[in-house]
Every structure is written in structure tokens, then in C-alpha cells.
Amino acid sequence: MTEHPALDAARLHCRSLQDALDGLGRHGLPRIADWGGRLASVLTGGGRLLAAGNGGSAAQAQHLTAELVGRYRSERPAYSALALHAETSSVTAIGNDYGFDHVYARQVAAHGRPGDVLMLLSTSGRSANLIAAAVAARRAGLGVWALTGPGPNPLMEAADESLCVAAASTATVQEIHLVAVHLLCECFDAAVAAPPARTVAAVPGRLT
């Protein structure tokens, strides 16, 4: 029996995905764990996450914010997180009045506060509207984190910190971004659930 030609493409896709996932496991997990802990500190302290992307990356950004406003696994408080592309009237008004390159930067200027976090997702790392958002966010005192495809790329350079997925296929990059989003939520929830660090009062005359 002759195999269907599509099987070769499917196997190649799976190999590419496995290679990229192995790379994430080797190089990306410490950064994701760090982001999760720091994001927990920001959101539990009253800060906000803003997130943005284009196309499939917009869906990933909204997936992340939904997990934070709702819940990922365990029951916990709701936290402030906005997917900027979902503000459709703002996106269309800004795009009409200022141009598509400004649809996110204008919203960052409106909603972002010093100490908040802006998460930008892009398979290419070259989206002009995301780069403009990164510039606006850093100017306003937000931390800017980027999930991109292979680096170096302009968005990686515009962000404070980035996690670049080394995969040739856009589909594979998006699939790894979804894994990274879920891992970020895992790490966020673990940090939120962790008991606060205990401080030991200094005793006069005793070295601590």
C-alpha cells in the first residue's frame, strides 16, 4: 500500500516541532520561570499586563490574557490583563486616524503605567506596530518582553527581554509560543501560590 504524500510533510512538521520544543526546554525554561515570578509580583501588586500580536500571534496574546483574568488551572483571584487587539473600536479608530503602525503604541500610552508589563508576540519579529509599541512602552516605564521567531530581529532589539524560537516554519514558532504561554501561566500560578518569604528580625549584637 502506497503512503499518502502528505505523511512526509506531516512527519517533517512533527520533527521540526520536536526540535524547537527541545530547544525551548534547553534554553527557554529559565527565562519563562523568571518571567512568571516577576509577572506574579507585578499583578499581585496591582499592576497590569498588556499583550499584543498580529494574526495568529494576536490569538496567542488573547489566550494569555484570558488565562490571567480567568484562571489557568487552580482557582485564584483575577488579575488585570488586556489584549490590545481585542479593543476593536480603538484599533480601527487609531488605524484610521494615525495608521496601522500606531494601533498598539497609542493604547500602550493610554493604558500602561510605570512598572506594568507589555508582552509582544511575533513570529517574524519585524512587525512595525509591535516595535512601535515596545518603544512607547519603554518610554512610559513599562517592562517589555517579546516572544519571537528566530533572532536576532528588530522586535528582540526593541524589547527589554526576549525569548526567540529557533524554527524555520511560522507554524512551528506559533506552536512553541503556545507552549511558552502555558508554561508562563504555570510559573505565574506557582509564584502566586508560594508562601511569602519569611524575614528574620535582627537580634542586637548578633550577626545575621
# chains A, B, ... in the order shown; residues from 1 in each chain; ligands from 1
>>> select_by_dssp(residues="segment 3-203 of chain A", states="alpha helix (DSSP H)", output="ChimeraX atom specification")
/A:6-23,29-44,56-69,88-98,105-111,128-140,154-158,170-193
>>> residues_around(residues="Ala190 of chain A", least_positions_apart="4", cutoff="9 Å", atoms="only C-alpha atoms", output="list in words")
Gly36, Gly37, Ala40, Cys185, Glu186 and Ala194 of chain A
>>> closest_atom_pairs(of="segment 67-180 of chain A", to="segment 50-61 of chain A", cutoff="8 Å", atoms="only C-alpha atoms", output="Markdown table")
| residue | atom | partner | partner_atom | distance |
| --- | --- | --- | --- | --- |
| A:Ala81 | CA | A:Leu50 | CA | 5.7 |
| A:Leu82 | CA | A:Leu50 | CA | 5.0 |
| A:Ala83 | CA | A:Ala51 | CA | 4.8 |
| A:Leu84 | CA | A:Ala52 | CA | 5.5 |
| A:His85 | CA | A:Ala52 | CA | 6.3 |
| A:Tyr104 | CA | A:Ala52 | CA | 7.3 |
| A:Val108 | CA | A:Leu50 | CA | 7.6 |
| A:Gly112 | CA | A:Leu50 | CA | 7.5 |
| A:Asp116 | CA | A:Leu50 | CA | 7.8 |
| A:Val117 | CA | A:Leu50 | CA | 6.2 |
| A:Leu118 | CA | A:Leu50 | CA | 4.7 |
| A:Met119 | CA | A:Ala51 | CA | 4.6 |
| A:Leu120 | CA | A:Ala52 | CA | 5.1 |
| A:Leu121 | CA | A:Gly53 | CA | 5.0 |
| A:Ser122 | CA | A:Ser57 | CA | 5.9 |
| A:Thr123 | CA | A:Ser57 | CA | 7.3 |
| A:Leu130 | CA | A:Gly53 | CA | 7.1 |
| A:Gln174 | CA | A:Ser57 | CA | 7.1 |
| A:His177 | CA | A:Gln60 | CA | 7.5 |
| A:Leu178 | CA | A:Gln60 | CA | 6.5 |
>>> write_last_selection(atoms="C-alpha atoms", output="PDB file, in the first residue's frame")
ATOM      1  CA  ALA A  81      -4.527  41.720  31.687  1.00  0.00           C
ATOM      2  CA  LEU A  82      -5.602  43.282  28.377  1.00  0.00           C
ATOM      3  CA  ALA A  83      -5.159  42.010  24.815  1.00  0.00           C
ATOM      4  CA  LEU A  84      -4.865  45.250  22.877  1.00  0.00           C
ATOM      5  CA  HIS A  85      -6.066  43.902  19.519  1.00  0.00           C
ATOM      6  CA  TYR A 104      -0.798  49.351  19.778  1.00  0.00           C
ATOM      7  CA  VAL A 108       0.089  51.473  25.467  1.00  0.00           C
ATOM      8  CA  GLY A 112       0.279  51.443  30.506  1.00  0.00           C
ATOM      9  CA  ASP A 116       3.417  47.301  34.159  1.00  0.00           C
ATOM     10  CA  VAL A 117       4.468  44.656  31.640  1.00  0.00           C
ATOM     11  CA  LEU A 118       3.909  44.618  27.871  1.00  0.00           C
ATOM     12  CA  MET A 119       4.132  41.185  26.236  1.00  0.00           C
ATOM     13  CA  LEU A 120       4.576  41.230  22.446  1.00  0.00           C
ATOM     14  CA  LEU A 121       4.286  38.124  20.281  1.00  0.00           C
ATOM     15  CA  SER A 122       5.559  37.937  16.706  1.00  0.00           C
ATOM     16  CA  THR A 123       6.707  35.015  14.577  1.00  0.00           C
ATOM     17  CA  LEU A 130       4.766  45.894  17.745  1.00  0.00           C
ATOM     18  CA  GLN A 174       3.385  29.714  16.846  1.00  0.00           C
ATOM     19  CA  HIS A 177       4.678  30.194  21.546  1.00  0.00           C
ATOM     20  CA  LEU A 178       1.535  28.453  22.784  1.00  0.00           C
TER      21      LEU A 178
END
>>> residues_around(residues="Met156 of chain A", least_positions_apart="4", cutoff="10 Å", atoms="only C-alpha atoms", output="VMD selection string")
chain A and resid 120 122 125 to 126 131 134 144 to 152 160 to 164
>>> residues_around(residues="Leu68 of chain A", least_positions_apart="5", cutoff="9 Å", atoms="only C-alpha atoms", output="list in words")
His63, Pro77, Ala78, Tyr79, Ser80, Ala81, Cys185 and Phe188 of chain A
>>> write_last_selection(atoms="N, CA and C atoms", output="short mmCIF file (atom, residue, chain, number, x, y, z; two decimals), in the first residue's frame")
data_model
loop_
_atom_site.label_atom_id
_atom_site.label_comp_id
_atom_site.auth_asym_id
_atom_site.auth_seq_id
_atom_site.Cartn_x
_atom_site.Cartn_y
_atom_site.Cartn_z
N HIS A 63 -5.09 34.60 24.34
CA HIS A 63 -5.08 33.37 25.13
C HIS A 63 -4.41 33.63 26.48
N PRO A 77 -7.42 34.48 42.47
CA PRO A 77 -8.02 35.76 42.11
C PRO A 77 -7.82 36.11 40.63
N ALA A 78 -8.65 36.99 40.13
CA ALA A 78 -8.50 37.51 38.77
C ALA A 78 -7.44 38.61 38.77
N TYR A 79 -6.68 38.68 37.68
CA TYR A 79 -5.64 39.70 37.57
C TYR A 79 -5.83 40.51 36.29
N SER A 80 -5.35 41.74 36.32
CA SER A 80 -5.59 42.68 35.22
C SER A 80 -4.68 42.37 34.04
N ALA A 81 -5.27 42.03 32.91
CA ALA A 81 -4.53 41.72 31.69
C ALA A 81 -5.40 42.06 30.49
N CYS A 185 2.02 30.67 32.35
CA CYS A 185 0.88 30.60 33.28
C CYS A 185 1.17 29.64 34.42
N PHE A 188 3.55 31.47 36.69
CA PHE A 188 2.82 32.55 37.35
C PHE A 188 2.01 32.00 38.51
#
>>> closest_residue(among="A:Ala33, A:Glu75, A:Arg38, A:Thr65", to="Ala193 of chain A", atoms="only C-alpha atoms")
A:Glu75
